[in-house]
Amino acid sequence: MTHNPFSKPDQGFFDRGDRKTHLEQLRHLSHWSRRVLLVTGPEGVGKTSLYRQLSASLEPRVKAARVNAALINTSHEVVMAIARGFGLAAPADANVQLLKSLIEDHVSEQEKGGRQCVVLIDDAQLLEPRAIDELINLADRSGLRMVLFGEVRLVAGIERAADRAGVGWHEIRLSGYGEADTREYLEWRFRQVRYRGRIPFTDQQVKEIVRLSEGLPGRINQMANVLLVKLESGGFGQSRPGFPRLHTSLLILLIILTTLGWVLFTDDGGDETPAEVVKVPLPAPAVGSTKTAADTGSVVSGPAPVGSAASAARQTAGTDSVEAAASATAEVAEQPTSLAGRDVTSSAAAPVVPGRAAVVSESRPAPTVAASGPSPAVSAVPQSQTPIPAPKPAPSAAGGKDGRWLLEQPPGAYTVQLVTLSSAERAAAFVAEQAEPQRFATYQLARDGRTLHVVVYGVFDSKAEAERAARALTGSAAKVKPWIRTLAQVHTAIRTVQRQ
């Protein structure tokens with residue numbers, strides 16, 4: 001096995017579970033008794049796999065226009081995509097009626113030549129109601145055939161539109177696999193990556209996969225992926241051989257040697273001269289005398305006494321004690337002269353050894369400071385020294401927002417979709433070059449096994465507001481054709497990527 005067969009979406013077509021029968025029904029357009037066919041089922045049942053297989057295996061005398069409703073869903077966009085899918089040279093500013101007339105004439109010409117035209121639409125549940133009405137009307141006025149792949153909620157809209165136009169339609173509802181088909185499906189996925197032999201799942205594990213996934217291929221893939229990762233990592237006890245003993249011994253020996261080397265490297269070596277020394281000798285104070293570092297006029301370079309930071313951490317009250325201790329330690333380390341404002345009591349003379357840093361020790365604990373007062377290490381900054389301002393938080397790379405922000409917006413609102421790019425870097429560069437990048441957002445879209453990156457602009461209460469904002473765009477955003485989409489459609493696309 002070269003890699004995990006369940007880490008990516010299906011790339012082939014598994015023809016069990018009545019899938020082969022449904023495919024043959026859809027391929028032979030001349031046998032259709034109705035012009036509109038619906039292929040429905042729950043998410044993960046394999047509608048997109050059937051859509052791809054049908055698109056690639058139509059009869060030779062069939063001409064198809066393919067539409068992805070996750071990207072194109074308004075009436076004008078859908079009709080324009082159909083016209084371009086049939087190779088028609090339609091002007092970009094053509095209205096829906098003109099586009100429908102061009103399509104009807106083209107379908108009529110193809111029928112005279114013995115060819116049939118069909119429209120294939122994936123994720124059809126994302127179509128706007130007006131777009132569904134235009135599709136049904138187009139099928140009624142021409143010999144055009146249509147196959148719409150979508151969730152079961154699509155049926156209600158098609159039924160209403162078809163009843164108004166008097167167009168016949170038929171639903172093909174896909175269902176999950178049984179236990180036998182699920183086992184064969186798992187074996188088929190392993191064969192795709194050249195795995196030979198019995199699948200690494202037990203009969204009980206296969207039964208659990210069937211029960212929990214309800215036989216839906218998308219869920220089967222997710223569960224099998226998790227199970228396979230656990231087996232490979234030894235998550236199920238002795239199901240896989242352990243790490244070789246020789247390798248384990250070598251690893252332990254390497255850790256021991258690394259630890260010893262670190263200890264020897266960090267030791268100051270006894271009488272060896274440290275890197276940081278006293279620039280001005282510190283005179284030894286008399287026993288019991290009290291002097292400050294500022295009084296001596298000496299400048300000590302070297303690490304600050306650990307006791308100062310520890311005392312500051314102990315004297316900070318409340319739930320923020322850990323953060324205050326870390327802050328005090330950082331300030332003492334960065335400002336060696338921060339002890340100039342507090343008294344240091346010495347119990348004995350501190351001799352200055354040539355070549356070594358002077359060490360000032362405290363014989364008495366620091367006086368108790370009230371919980372509400374500032375930490376001594378923080379308040380010890382000399383007045384003549386200007387405090388270093390806290391750095392401002394770094395802005396995001398592109399300045400825009402992401403899919404998490406979009407999920408927080410109301411689903412009934414509208415946004416302006418601008419471009420769909422193949423990489424996050426290109427999407428970030430597009431947002432960064434805008435005059436107001438904070439008004440843009442990007443999210444990920446899964447399509448045909450790839451992850452695409454979509455850039456949208458703004459959130460608006462009505463479609464009219466979104467259209468006005470699209471017309472007012474400037475720069476590179478004004479050079480692309482904008483699409484007005486509802487946030488509900490964007491939420492569906494984002495959650496699909498999260499589930500995968």
# chains A, B, ... in the order shown; residues from 1 in each chain; ligands from 1
>>> residues_around(residues="Gly46 (chain A)", least_positions_apart="2", cutoff="8 Å", atoms="only C-alpha atoms", output="MDAnalysis selection string")
chainID A and resid 43:44 48:50 174 216:218
>>> atom_distance(atom1="CA of Arg499 (chain A)", atom2="CA of Gln222 (chain A)")
9.0 Å
>>> residues_around(residues="region 121-133 of chain A", least_positions_apart="3", cutoff="8 Å", atoms="only C-alpha atoms", output="PDB file with C-alpha atoms, in the first residue's frame")
ATOM      1  CA  THR A  48     -20.984  13.600  -7.072  1.00  0.00           C
ATOM      2  CA  TYR A  51     -22.284  12.827 -11.656  1.00  0.00           C
ATOM      3  CA  ARG A  66     -22.052  20.844 -17.063  1.00  0.00           C
ATOM      4  CA  VAL A  67     -22.868  23.226 -14.198  1.00  0.00           C
ATOM      5  CA  ASN A  68     -21.609  23.260 -10.610  1.00  0.00           C
ATOM      6  CA  ALA A  69     -24.214  24.997  -8.459  1.00  0.00           C
ATOM      7  CA  ALA A  70     -21.708  25.468  -5.638  1.00  0.00           C
ATOM      8  CA  ILE A  72     -22.962  29.181 -10.165  1.00  0.00           C
ATOM      9  CA  ASN A  73     -26.503  29.385  -8.794  1.00  0.00           C
ATOM     10  CA  THR A  74     -28.432  32.471  -9.982  1.00  0.00           C
ATOM     11  CA  SER A  75     -30.757  32.285 -12.992  1.00  0.00           C
ATOM     12  CA  HIS A  76     -28.552  34.432 -15.250  1.00  0.00           C
ATOM     13  CA  VAL A  78     -26.887  29.183 -14.820  1.00  0.00           C
ATOM     14  CA  ILE A 136     -37.857  23.877 -16.028  1.00  0.00           C
ATOM     15  CA  ASN A 137     -39.170  26.473 -18.481  1.00  0.00           C
ATOM     16  CA  MET A 146     -31.738  17.724 -17.557  1.00  0.00           C
ATOM     17  CA  VAL A 147     -30.189  15.697 -14.721  1.00  0.00           C
ATOM     18  CA  LEU A 148     -29.973  17.462 -11.357  1.00  0.00           C
ATOM     19  CA  PHE A 149     -27.875  15.928  -8.549  1.00  0.00           C
ATOM     20  CA  GLY A 150     -28.739  17.232  -5.083  1.00  0.00           C
ATOM     21  CA  GLU A 151     -30.047  16.585  -1.609  1.00  0.00           C
ATOM     22  CA  ARG A 153     -34.748  19.044  -0.160  1.00  0.00           C
ATOM     23  CA  LEU A 154     -34.362  19.820  -3.866  1.00  0.00           C
ATOM     24  CA  GLY A 157     -38.730  23.139  -5.507  1.00  0.00           C
ATOM     25  CA  ILE A 158     -38.628  20.978  -8.640  1.00  0.00           C
ATOM     26  CA  ALA A 161     -41.818  24.483 -10.817  1.00  0.00           C
ATOM     27  CA  GLN A 489     -24.630  28.990   0.298  1.00  0.00           C
TER      28      GLN A 489
END
>>> atom_distance(atom1="CA of His170 (chain A)", atom2="CA of Gly113 (chain A)")
27.2 Å
>>> closest_residue(among="A:Glu184, A:Leu135, A:Val118, A:His106", to="Ala65 (chain A)", atoms="only C-alpha atoms")
A:Val118
>>> closest_residue(among="A:Phe6, A:Phe430, A:Tyr443, A:Tyr185", to="Ala478 (chain A)", atoms="only C-alpha atoms")
A:Phe430
>>> residues_around(residues="region 464-471 of chain A", least_positions_apart="4", cutoff="12 Å", atoms="only C-alpha atoms", output="MDAnalysis selection string")
chainID A and resid 413:418 439 456:460 475 477:487
>>> atom_distance(atom1="CA of Ile199 (chain A)", atom2="CA of Glu187 (chain A)")
6.4 Å
>>> residues_around(residues="Val96 (chain A)", least_positions_apart="5", cutoff="9 Å", atoms="only C-alpha atoms", output="JSON, numbers by chain")
{"A": [75, 76, 77, 79, 80, 101, 134]}
